[in-house]
Every structure is written in structure tokens, then in C-alpha cells.
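Structure file coords.pdb; described as PDB, C-alpha atoms and all ligand atoms.
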```pdb
ATOM      1  CA  MET A 827      21.945 -26.422 -21.553
ATOM      2  CA  PRO A 828      22.693 -22.745 -22.358
ATOM      3  CA  ARG A 829      19.990 -20.208 -21.573
ATOM      4  CA  ILE A 830      18.574 -18.380 -24.566
ATOM      5  CA  ALA A 831      17.241 -14.819 -24.645
ATOM      6  CA  TYR A 832      15.226 -13.042 -27.306
ATOM      7  CA  VAL A 833      16.691  -9.646 -28.208
ATOM      8  CA  ASN A 834      15.164  -7.576 -31.006
ATOM      9  CA  GLY A 835      14.258 -10.429 -33.313
ATOM     10  CA  ARG A 836      17.119 -12.800 -32.483
ATOM     11  CA  TYR A 837      17.475 -15.756 -30.148
ATOM     12  CA  VAL A 838      20.904 -15.423 -28.563
ATOM     13  CA  PRO A 839      22.818 -17.138 -25.755
ATOM     14  CA  HIS A 840      21.761 -15.419 -22.519
ATOM     15  CA  ARG A 841      25.364 -14.674 -21.515
ATOM     16  CA  ASP A 842      25.952 -12.743 -24.759
ATOM     17  CA  ALA A 843      22.563 -10.995 -24.838
ATOM     18  CA  ALA A 844      23.033  -7.218 -24.929
ATOM     19  CA  VAL A 845      21.428  -3.973 -25.928
ATOM     20  CA  HIS A 846      23.031  -0.727 -27.063
ATOM     21  CA  ILE A 847      24.386   1.715 -24.435
ATOM     22  CA  GLU A 848      22.025   4.365 -25.778
ATOM     23  CA  ASP A 849      18.940   2.251 -25.324
ATOM     24  CA  ARG A 850      16.486   4.608 -23.617
ATOM     25  CA  GLY A 851      15.645   1.927 -21.091
ATOM     26  CA  TYR A 852      19.249   2.049 -19.904
ATOM     27  CA  GLN A 853      19.481   5.851 -19.920
ATOM     28  CA  PHE A 854      15.996   7.003 -18.863
ATOM     29  CA  ALA A 855      14.104   3.892 -17.650
ATOM     30  CA  ASP A 856      11.942   4.745 -20.675
ATOM     31  CA  GLY A 857      10.211   1.411 -21.019
ATOM     32  CA  VAL A 858       7.727  -1.082 -19.647
ATOM     33  CA  TYR A 859       7.749  -4.728 -18.674
ATOM     34  CA  GLU A 860       5.725  -7.770 -17.731
ATOM     35  CA  VAL A 861       6.440 -10.891 -15.691
ATOM     36  CA  CYS A 862       4.273 -13.979 -16.260
ATOM     37  CA  GLU A 863       4.281 -17.151 -14.262
ATOM     38  CA  VAL A 864       4.923 -20.458 -16.021
ATOM     39  CA  ALA A 865       3.553 -23.340 -13.965
ATOM     40  CA  ARG A 866       3.265 -27.013 -14.853
ATOM     41  CA  GLY A 867       4.062 -26.257 -18.481
ATOM     42  CA  VAL A 868       1.462 -23.530 -19.013
ATOM     43  CA  ILE A 869       1.689 -19.747 -19.170
ATOM     44  CA  VAL A 870      -0.584 -18.309 -16.484
ATOM     45  CA  ASP A 871      -2.933 -15.461 -17.437
ATOM     46  CA  MET A 872      -1.043 -14.509 -20.610
ATOM     47  CA  THR A 873      -4.013 -12.590 -22.039
ATOM     48  CA  ARG A 874      -4.247 -10.329 -18.995
ATOM     49  CA  HIS A 875      -0.483  -9.732 -18.965
ATOM     50  CA  LEU A 876      -0.447  -8.777 -22.654
ATOM     51  CA  ASP A 877      -3.511  -6.574 -22.187
ATOM     52  CA  ARG A 878      -1.659  -4.750 -19.403
ATOM     53  CA  LEU A 879       1.467  -4.482 -21.587
ATOM     54  CA  ASP A 880      -0.712  -2.900 -24.256
ATOM     55  CA  ARG A 881      -2.054  -0.378 -21.722
ATOM     56  CA  SER A 882       1.437   0.457 -20.392
ATOM     57  CA  LEU A 883       2.720   1.012 -23.938
ATOM     58  CA  ARG A 884      -0.220   3.255 -24.805
ATOM     59  CA  GLU A 885       0.246   5.306 -21.622
ATOM     60  CA  LEU A 886       3.881   5.986 -22.566
ATOM     61  CA  GLU A 887       3.138   6.333 -26.298
ATOM     62  CA  ILE A 888       5.531   3.558 -27.211
ATOM     63  CA  ALA A 889       4.506   1.558 -30.285
ATOM     64  CA  TRP A 890       4.196  -2.226 -30.139
ATOM     65  CA  PRO A 891       7.568  -3.546 -31.378
ATOM     66  CA  MET A 892       5.775  -6.373 -33.225
ATOM     67  CA  SER A 893       2.275  -7.731 -33.581
ATOM     68  CA  ARG A 894       0.701  -9.297 -30.518
ATOM     69  CA  ARG A 895       0.608 -12.643 -32.318
ATOM     70  CA  THR A 896       4.341 -12.461 -33.120
ATOM     71  CA  LEU A 897       5.067 -11.583 -29.497
ATOM     72  CA  GLU A 898       3.097 -14.603 -28.329
ATOM     73  CA  ILE A 899       5.139 -16.812 -30.661
ATOM     74  CA  ALA A 900       8.389 -15.347 -29.296
ATOM     75  CA  ILE A 901       7.240 -15.888 -25.695
ATOM     76  CA  HIS A 902       6.473 -19.541 -26.400
ATOM     77  CA  GLU A 903       9.768 -19.956 -28.221
ATOM     78  CA  VAL A 904      11.841 -18.500 -25.360
ATOM     79  CA  ILE A 905      10.088 -20.709 -22.800
ATOM     80  CA  ARG A 906      10.493 -23.748 -25.035
ATOM     81  CA  ARG A 907      14.163 -23.110 -25.840
ATOM     82  CA  ASN A 908      14.930 -22.731 -22.119
ATOM     83  CA  ARG A 909      12.846 -25.806 -21.233
ATOM     84  CA  VAL A 910      11.011 -23.936 -18.513
ATOM     85  CA  SER A 911       7.979 -25.745 -17.155
ATOM     86  CA  ASP A 912       7.943 -23.972 -13.774
ATOM     87  CA  GLY A 913       9.353 -20.486 -13.720
ATOM     88  CA  LEU A 914       8.951 -16.974 -15.027
ATOM     89  CA  VAL A 915       8.993 -15.234 -18.363
ATOM     90  CA  TYR A 916      10.100 -11.587 -18.469
ATOM     91  CA  LEU A 917       9.250  -9.177 -21.318
ATOM     92  CA  GLN A 918      10.620  -5.681 -21.643
ATOM     93  CA  VAL A 919       9.895  -3.030 -24.252
ATOM     94  CA  THR A 920      11.801   0.245 -24.337
ATOM     95  CA  ARG A 921      11.422   3.236 -26.622
ATOM     96  CA  GLY A 922      14.566   2.077 -28.390
ATOM     97  CA  VAL A 923      18.034   3.368 -29.178
ATOM     98  CA  ALA A 924      18.619   7.055 -29.886
ATOM     99  CA  SER A 925      21.169   9.768 -29.247
ATOM    100  CA  ARG A 926      20.584  10.884 -25.635
ATOM    101  CA  ASP A 927      17.880  13.544 -25.519
ATOM    102  CA  HIS A 928      14.909  13.597 -23.154
ATOM    103  CA  VAL A 929      12.272  14.236 -25.821
ATOM    104  CA  PHE A 930      10.913  11.283 -27.773
ATOM    105  CA  PRO A 931      13.213  10.388 -30.680
ATOM    106  CA  ALA A 932      11.594  10.776 -34.084
ATOM    107  CA  ASP A 933      12.784   7.524 -35.563
ATOM    108  CA  ALA A 934      13.773   5.057 -32.798
ATOM    109  CA  LYS A 935      12.362   1.556 -33.091
ATOM    110  CA  PRO A 936      11.006   0.071 -29.836
ATOM    111  CA  ALA A 937      13.362  -2.554 -28.435
ATOM    112  CA  MET A 938      12.099  -5.908 -27.147
ATOM    113  CA  VAL A 939      13.781  -8.364 -24.818
ATOM    114  CA  ILE A 940      12.331 -11.658 -23.564
ATOM    115  CA  THR A 941      13.948 -13.992 -21.046
ATOM    116  CA  ALA A 942      12.696 -17.056 -19.222
ATOM    117  CA  LYS A 943      14.056 -18.779 -16.146
ATOM    118  CA  ARG A 944      13.201 -21.710 -13.960
ATOM    119  CA  THR A 945      12.286 -20.928 -10.380
ATOM    120  CA  ASP A 946      12.717 -22.981  -7.270
ATOM    121  CA  ARG A 947       9.236 -24.262  -6.462
ATOM    122  CA  GLY A 948      10.593 -25.731  -3.215
ATOM    123  CA  THR A 949      11.432 -22.315  -1.786
ATOM    124  CA  LEU A 950       8.052 -20.999  -2.893
ATOM    125  CA  ALA A 951       6.225 -23.938  -1.314
ATOM    126  CA  ARG A 952       8.148 -23.510   1.954
ATOM    127  CA  ARG A 953       7.196 -19.829   2.049
ATOM    128  CA  TRP A 954       3.541 -20.677   1.388
ATOM    129  CA  GLU A 955       3.741 -23.000   4.395
ATOM    130  CA  SER A 956       5.512 -20.622   6.785
ATOM    131  CA  GLY A 957       4.219 -17.270   5.557
ATOM    132  CA  VAL A 958       6.513 -14.261   5.090
ATOM    133  CA  LYS A 959       7.404 -11.059   6.897
ATOM    134  CA  VAL A 960       6.917  -7.563   5.514
ATOM    135  CA  ILE A 961       8.171  -4.165   6.587
ATOM    136  CA  THR A 962       6.556  -0.817   5.867
ATOM    137  CA  VAL A 963       8.173   2.148   4.126
ATOM    138  CA  PRO A 964       6.808   5.611   3.314
ATOM    139  CA  GLU A 965       5.430   5.943  -0.218
ATOM    140  CA  ASN A 966       8.026   7.817  -2.268
ATOM    141  CA  ARG A 967       7.145   6.787  -5.822
ATOM    142  CA  TRP A 968       5.718   8.884  -8.640
ATOM    143  CA  GLU A 969       1.971   9.175  -9.170
ATOM    144  CA  ARG A 970       1.669   6.791 -12.116
ATOM    145  CA  VAL A 971       2.663   3.492 -10.548
ATOM    146  CA  ASP A 972      -0.370   2.036 -12.342
ATOM    147  CA  ILE A 973       1.917   1.916 -15.397
ATOM    148  CA  LYS A 974       4.301  -1.038 -15.234
ATOM    149  CA  THR A 975       7.461   0.890 -16.066
ATOM    150  CA  ILE A 976      11.022  -0.297 -15.609
ATOM    151  CA  GLY A 977      11.707   2.770 -13.410
ATOM    152  CA  LEU A 978      11.807   0.878 -10.119
ATOM    153  CA  LEU A 979      14.408   2.600  -7.947
ATOM    154  CA  PRO A 980      12.129   3.208  -4.911
ATOM    155  CA  ASN A 981      11.022  -0.423  -5.178
ATOM    156  CA  VAL A 982      14.637  -1.610  -5.326
ATOM    157  CA  LEU A 983      15.571   0.423  -2.231
ATOM    158  CA  ALA A 984      12.465  -0.762  -0.354
ATOM    159  CA  LYS A 985      13.150  -4.416  -1.172
ATOM    160  CA  GLN A 986      16.748  -4.100  -0.045
ATOM    161  CA  LYS A 987      15.587  -2.570   3.241
ATOM    162  CA  ALA A 988      13.160  -5.474   3.631
ATOM    163  CA  LYS A 989      15.903  -7.992   2.987
ATOM    164  CA  LEU A 990      18.186  -6.401   5.586
ATOM    165  CA  ALA A 991      15.284  -6.627   8.069
ATOM    166  CA  GLY A 992      14.807 -10.330   7.310
ATOM    167  CA  ALA A 993      11.546  -9.676   5.428
ATOM    168  CA  LEU A 994      10.461 -10.667   1.926
ATOM    169  CA  GLU A 995       8.492  -7.574   1.013
ATOM    170  CA  ALA A 996       8.099  -3.879   1.809
ATOM    171  CA  TRP A 997       4.662  -2.268   1.849
ATOM    172  CA  PHE A 998       4.485   1.349   0.710
ATOM    173  CA  VAL A 999       2.329   3.346   3.127
ATOM    174  CA  GLY A1000       0.823   6.714   2.164
ATOM    175  CA  ALA A1001       0.989   9.883   4.274
ATOM    176  CA  ASP A1002      -2.577   9.054   5.443
ATOM    177  CA  GLY A1003      -1.338   5.761   6.938
ATOM    178  CA  VAL A1004      -3.050   3.633   4.295
ATOM    179  CA  VAL A1005      -1.166   0.681   2.816
ATOM    180  CA  LEU A1006      -0.793   1.058  -0.949
ATOM    181  CA  GLU A1007       0.957  -2.105  -2.161
ATOM    182  CA  GLY A1008       4.213  -4.000  -1.907
ATOM    183  CA  ALA A1009       7.380  -3.199  -3.850
ATOM    184  CA  SER A1010       6.490  -6.020  -6.258
ATOM    185  CA  THR A1011       3.148  -7.330  -4.964
ATOM    186  CA  ASN A1012      -0.380  -6.205  -4.114
ATOM    187  CA  ALA A1013      -1.391  -6.130  -0.438
ATOM    188  CA  TRP A1014      -4.502  -7.709   1.083
ATOM    189  CA  ILE A1015      -6.068  -8.462   4.454
ATOM    190  CA  VAL A1016      -8.904 -10.699   5.587
ATOM    191  CA  THR A1017     -11.077  -9.040   8.256
ATOM    192  CA  LYS A1018     -12.346 -10.821  11.357
ATOM    193  CA  ASP A1019     -15.641 -11.224   9.426
ATOM    194  CA  GLY A1020     -13.825 -13.013   6.594
ATOM    195  CA  VAL A1021     -14.055 -10.131   4.100
ATOM    196  CA  LEU A1022     -11.152  -9.680   1.677
ATOM    197  CA  VAL A1023      -9.868  -6.121   1.593
ATOM    198  CA  THR A1024      -7.494  -4.611  -0.940
ATOM    199  CA  ARG A1025      -6.926  -1.088  -2.134
ATOM    200  CA  PRO A1026      -8.795   0.070  -5.269
ATOM    201  CA  ALA A1027      -6.651  -0.148  -8.400
ATOM    202  CA  ASP A1028      -6.568   3.505  -9.355
ATOM    203  CA  HIS A1029      -3.347   5.388 -10.074
ATOM    204  CA  GLY A1030      -1.917   4.626  -6.592
ATOM    205  CA  ILE A1031      -1.076   0.972  -7.241
ATOM    206  CA  LEU A1032      -0.377  -1.414 -10.073
ATOM    207  CA  ARG A1033      -3.452  -3.408 -11.077
ATOM    208  CA  GLY A1034      -1.877  -6.828 -10.508
ATOM    209  CA  VAL A1035      -2.927  -9.579 -12.871
ATOM    210  CA  THR A1036      -2.857 -11.971  -9.914
ATOM    211  CA  ARG A1037      -5.031  -9.496  -7.971
ATOM    212  CA  THR A1038      -7.607  -9.542 -10.791
ATOM    213  CA  THR A1039      -7.632 -13.346 -10.945
ATOM    214  CA  VAL A1040      -7.900 -13.555  -7.135
ATOM    215  CA  PHE A1041     -11.125 -11.533  -7.505
ATOM    216  CA  ASP A1042     -12.383 -14.322  -9.809
ATOM    217  CA  VAL A1043     -11.236 -16.999  -7.336
ATOM    218  CA  ALA A1044     -12.908 -15.216  -4.417
ATOM    219  CA  ARG A1045     -16.201 -14.969  -6.324
ATOM    220  CA  LYS A1046     -16.014 -18.674  -7.106
ATOM    221  CA  GLU A1047     -15.355 -19.456  -3.443
ATOM    222  CA  GLY A1048     -18.240 -17.229  -2.348
ATOM    223  CA  LEU A1049     -15.975 -14.777  -0.496
ATOM    224  CA  SER A1050     -16.805 -11.102  -0.359
ATOM    225  CA  ILE A1051     -14.323  -8.397  -1.315
ATOM    226  CA  GLU A1052     -14.147  -4.752  -0.312
ATOM    227  CA  GLU A1053     -11.972  -2.518  -2.439
ATOM    228  CA  ARG A1054     -10.788   0.084   0.049
ATOM    229  CA  GLY A1055      -7.644   1.178   1.783
ATOM    230  CA  PHE A1056      -6.575  -0.336   5.116
ATOM    231  CA  THR A1057      -4.057   0.935   7.642
ATOM    232  CA  VAL A1058      -1.107  -0.970   9.121
ATOM    233  CA  GLU A1059      -3.002  -1.052  12.442
ATOM    234  CA  GLU A1060      -6.009  -2.655  10.748
ATOM    235  CA  ALA A1061      -3.731  -5.214   9.095
ATOM    236  CA  LEU A1062      -2.158  -6.036  12.472
ATOM    237  CA  GLY A1063      -5.615  -6.675  13.906
ATOM    238  CA  ALA A1064      -6.798  -8.661  10.881
ATOM    239  CA  ARG A1065      -7.526 -12.362  10.733
ATOM    240  CA  GLU A1066      -5.023 -12.759   7.870
ATOM    241  CA  ALA A1067      -2.873 -10.746   5.524
ATOM    242  CA  PHE A1068      -1.335 -11.777   2.221
ATOM    243  CA  ILE A1069       0.371 -10.504  -0.911
ATOM    244  CA  THR A1070      -0.249 -11.410  -4.542
ATOM    245  CA  SER A1071       1.921 -11.382  -7.658
ATOM    246  CA  ALA A1072       2.862 -13.602 -10.578
ATOM    247  CA  THR A1073       5.989 -14.682  -8.680
ATOM    248  CA  THR A1074       4.400 -15.385  -5.274
ATOM    249  CA  VAL A1075       0.790 -16.196  -6.347
ATOM    250  CA  VAL A1076      -1.035 -15.853  -2.979
ATOM    251  CA  MET A1077       1.552 -15.554  -0.219
ATOM    252  CA  PRO A1078       0.516 -15.351   3.450
ATOM    253  CA  VAL A1079       2.003 -12.501   5.517
ATOM    254  CA  VAL A1080       2.543 -13.378   9.181
ATOM    255  CA  GLU A1081       4.492 -10.367  10.450
ATOM    256  CA  ILE A1082       4.514  -6.623   9.751
ATOM    257  CA  ASP A1083       7.415  -4.543  11.095
ATOM    258  CA  GLY A1084       8.205  -7.318  13.582
ATOM    259  CA  ARG A1085       4.636  -7.506  14.923
ATOM    260  CA  VAL A1086       2.804 -10.795  14.531
ATOM    261  CA  ILE A1087      -0.573 -11.088  12.779
ATOM    262  CA  ALA A1088      -3.173 -13.355  14.417
ATOM    263  CA  ASN A1089      -1.413 -16.557  15.602
ATOM    264  CA  GLY A1090       1.637 -15.979  13.384
ATOM    265  CA  HIS A1091       0.681 -18.760  10.967
ATOM    266  CA  PRO A1092      -0.796 -18.624   7.455
ATOM    267  CA  GLY A1093      -4.573 -18.473   7.514
ATOM    268  CA  SER A1094      -7.144 -20.643   5.786
ATOM    269  CA  VAL A1095      -8.515 -17.987   3.410
ATOM    270  CA  SER A1096      -5.178 -17.242   1.747
ATOM    271  CA  MET A1097      -4.526 -20.980   1.506
ATOM    272  CA  THR A1098      -7.909 -21.588  -0.131
ATOM    273  CA  LEU A1099      -7.284 -18.779  -2.614
ATOM    274  CA  ARG A1100      -3.830 -20.109  -3.489
ATOM    275  CA  LYS A1101      -5.015 -23.651  -3.951
ATOM    276  CA  ALA A1102      -7.937 -22.617  -6.182
ATOM    277  CA  PHE A1103      -5.892 -20.052  -8.113
ATOM    278  CA  PHE A1104      -4.407 -22.333 -10.756
ATOM    279  CA  ASP A1105      -7.785 -23.833 -11.652
ATOM    280  CA  VAL A1106      -9.354 -20.434 -12.173
ATOM    281  CA  ALA A1107      -6.445 -18.721 -13.984
ATOM    282  CA  GLU A1108      -6.131 -18.796 -17.766
ATOM    283  CA  LYS A1109      -3.685 -21.527 -18.815
ATOM    284  CA  THR A1110      -1.922 -21.371 -22.173
ATOM    285  CA  PRO A1111       0.074 -24.553 -22.876
ATOM    286  CA  VAL A1112       3.621 -23.961 -24.102
ATOM    287  CA  TRP A1113       4.042 -25.414 -27.594
TER     288      TRP A1113
HETATM  289  N1  LIG A1201       2.572  -4.208  -7.550
HETATM  290  C1  LIG A1201       3.800  -3.977  -8.027
HETATM  291  C2  LIG A1201       4.486  -2.693  -7.699
HETATM  292  C3  LIG A1201       4.441  -4.951  -8.825
HETATM  293  O1  LIG A1201       5.669  -4.715  -9.304
HETATM  294  C4  LIG A1201       3.768  -6.168  -9.092
HETATM  295  C5  LIG A1201       4.397  -7.196  -9.913
HETATM  296  O2  LIG A1201       5.485  -7.092 -10.366
HETATM  297  C6  LIG A1201       2.486  -6.366  -8.554
HETATM  298  C7  LIG A1201       1.918  -5.363  -7.795
HETATM  299  C8  LIG A1201       1.748  -7.640  -8.802
HETATM  300  O3  LIG A1201       1.353  -7.731 -10.160
HETATM  301  P1  LIG A1201       1.097  -9.127 -10.859
HETATM  302  O4  LIG A1201       0.058  -9.820 -10.047
HETATM  303  O5  LIG A1201       0.611  -8.768 -12.221
HETATM  304  O6  LIG A1201       2.395  -9.861 -10.876
END
```
Would you mind writing the file's structure down as C-alpha cells?
Amino acid sequence: MPRIAYVNGRYVPHRDAAVHIEDRGYQFADGVYEVCEVARGVIVDMTRHLDRLDRSLRELEIAWPMSRRTLEIAIHEVIRRNRVSDGLVYLQVTRGVASRDHVFPADAKPAMVITAKRTDRGTLARRWESGVKVITVPENRWERVDIKTIGLLPNVLAKQKAKLAGALEAWFVGADGVVLEGASTNAWIVTKDGVLVTRPADHGILRGVTRTTVFDVARKEGLSIEERGFTVEEALGAREAFITSATTVVMPVVEIDGRVIANGHPGSVSMTLRKAFFDVAEKTPVW
């Protein structure tokens, strides 16, 4: 079955899907994106993802390429046409195509691309069971990482470094030694007293949709949360550590820079949060 992508109003075979060479996303990373999880035939937390897309677009002064309702229809259609029941849907909006000039073009129309793909739940489940390793890297990103832009070069380089070290994720650490977030995930620990700790979502990190829903899950489970920074040393002495994102949900971290956390196995709090996550998250059935 051929994969289908949505590109500026058309559903096209994925292998032929293309945008213009002067798309500002290609030339300036002048655009934003979202990734939503599709699990058991439902879109997870679509409202929160589209709310964040709206915020990212407003921050960059890019107009919505279509109405929110029309976008929802296109998302459903791409998932349906690709027969994805477990996987990911990717949306990207750029400022559009214009003759190369840094200033905003007067008349470019925002460009929209949507793709969907199946993911290997087996690999995910195995990682949930074993936990994953992370490395740390110095923070070298711009100050507005709260906007979900497609400008991800530091994240790309950090992830590659992680991969070469046999790790799944890289945590950006500030000059003050405080962990900010992962290259594509938010970072958490569980203290010896069972308190969940994650950095406040100001301009220094992306406010993960999964992070927000994990707050809801924690409340439901009667767990307390402290929004504050933690150092790598604190994480190494913690009862548990984990990362959250639409692609990993709640993923236990068992090693940081080659040093083992607790007994080196996933802990019970992250497992509880992961298992309760789907029940608490918003679920939008695919048509
Ligand atoms: N932080 C960064 C830098 C990310 O790129 C992502 C997801 O892509 C996240 C955190 C987690 O966000 P979400 O839970 O919305 O997937």
C-alpha cells in the first residue's frame, strides 16, 4: 500500500511529495511543527497539540494555512489513507515560498505538510521494559526553545552524539548544571521521597504535551510534583528518572553518561504513569 502525504491541499504519494526549493522552511528553518501519537486507532491529545501549534504560529507571526477544522479533517484523512492505527502523525507549517530574503515576504502563503507513519510498538515496549540510556550535552540552543520550530540543528547533533554513545537521548544541561530537557523529550526524576520533579516550562524548554498530560496522570494517582530544576548529580541519586514525549510516552532512564541510576532497572512510578497515561489522555478516534 503506497504511503500518502498531504502537501498544500493535495494528497500525493509519499515518494513524490515535494515542496519548492525556495520554501522558507528549507532555506531558513522558518516554520513550526507538531508530532502526535496515534495509538490503538485514536489520536492522542490532539487538542493540546493543535493549541501548541496555534501558539507556535502566533509567536512566529505565521498565519494558519487553513482553518483548524480543515486541518483536523486533513489529519484524519492522512492517518486513514495510510491505515495507521499505531504510529505518529507529523504536521509542519512554514512561512511559505518566496524569493530568498530574510525579512517576511509580503505575499507568501503558509505551506502545510502532513505525514503519518506506523511505528514499531515492539521496540517501544522493549525499551519501556529495559529503560534507556541518556548522555548529557551543554545547552547550545537559542533562547526560544519553547516555540516548536523546525530549526533543530543542536538537537540533531546531540541525538547523533547520543546514538554514537549507545544512548537514546541527550539531555541539554545549562551552565548552572541544571538539566533542561532532552533533544526531543522532557526530563524528569522521582526523588527518594517519591516526588516527581521536572523543570518549569518557561522559555528554557518546550512545554511537552505529554508532560502536561503526565501532570494530570500524577494528580489522578495522588503523586506530588515539584516544578524546579535538578542537576545531573541529583538525577544520579534519584529513585527514578524518565523522559516524556509523544513518541516515547513515559520512558524510564536507567543510565546517565554511563552511570547507573538506582538499581539500573525501570522504577515503579514511571511504569504507573505510563500505564495510566492512555486512560487519562484525550482520545480522538480516527474516522
Ligand atoms: N522537548 C523537545 C525539545 C521536543 O522536541 C519534544 C518533542 O518533540 C518534547 C520536549 C516533548 O514534547 P511532546 O510531549 O509534546 O511530544
Could you tell me which residues the PyMOL selection byres (((chain A and resi 1010-1020) around 9) and not hetatm) returns for this structure, as number ranges by chain? A: 981, 985, 995-997, 1005-1009, 1021-1025, 1031-1034, 1036-1037, 1049-1050, 1056, 1060-1061, 1063-1074, 1095-1096
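Every residue within 12 Å of the file position (-15.2, -21.2, -4.1), judged by all atoms listed in the file, is given as Val1040, Phe1041, Asp1042, Val1043, Ala1044, Arg1045, Lys1046, Glu1047, Gly1048, Leu1049, Ser1050, Val1095, Thr1098, Leu1099, Arg1100, Lys1101, Ala1102, Phe1103, Asp1105 and Val1106 of chain A.
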Judged by all atoms listed in the file, the minimum distance to Val915 (chain A) among A:Ala934, A:Ile940, A:Val929, A:Ala900 is found for A:Ile940
(request) Find the distance between CA of Ala937 (chain A) and CA of Pro1111 (chain A) and write it in Å to one decimal. (result)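 Those two atoms sit 26.3 Å apart.
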| task | Find, counting all atoms listed in the file, the residue in A:Pro839, A:Pro931, A:Gly857, A:Gly1003 that gets nearest to Thr975 (chain A). | result |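 Of the candidates, the smallest distance to Thr975 (chain A) is held by A:Gly857.
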In terms of only C-alpha atoms and all ligand atoms, the residue from A:Ala1088, A:Leu883, A:Val868, A:Val982 at minimal distance from ligand LIG 1201 (chain A) is A:Val982
Please write out, as JSON, where the centre of an axis-aligned box around all listed atoms of ligand LIG 1201 (chain A) lies and how long its edges are, in Å to one decimal, after adding 6 Å on each side.
```
{"center_x": 2.9, "center_y": -6.3, "center_z": -9.9, "size_x": 17.6, "size_y": 19.2, "size_z": 16.7}
```
* Of the candidates A:Val904, A:Val858, A:Val1112, A:Val910, which shows the shortest atom-to-atom distance to ligand LIG 1201 (chain A), using only C-alpha atoms and all ligand atoms? ->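 Checking each of A:Val904, A:Val858, A:Val1112, A:Val910 against ligand LIG 1201 (chain A), counting only C-alpha atoms and all ligand atoms, the winner is A:Val858.
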Discussion item. Which residues are close to Leu994 (chain A), i.e. within 7 Å by only C-alpha atoms, leaving aside same-chain residues fewer than 4 positions away? Reply as a list in words.
Written reply: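 Surrounding residues, per the criterion: Val958, Lys959, Val960, Ala988 and Lys989 of chain A.
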Atom pair CA of Pro828 (chain A) / CA of Arg841 (chain A): separation (Å):
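Atom-to-atom, CA of Pro828 (chain A) and CA of Arg841 (chain A) are spaced 8.5 Å apart.
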Of A:Pro964, A:Gly1055, A:Pro980, A:Gly948, the one nearest to ligand LIG 1201 (chain A) when counting all atoms listed in the file is A:Pro980
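Proximity of A:Arg967, A:Lys943, A:His902, A:His1091 to ligand LIG 1201 (chain A), computed with all atoms listed in the file, is greatest for A:Arg967.
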Step by step, work through what the PyMOL selection byres (((chain A and resi 850) around 9) and not hetatm) selects in the shown file, and finish by giving those residues as an MDAnalysis selection string.
chainID A and resid 847:849 851:857 920:926
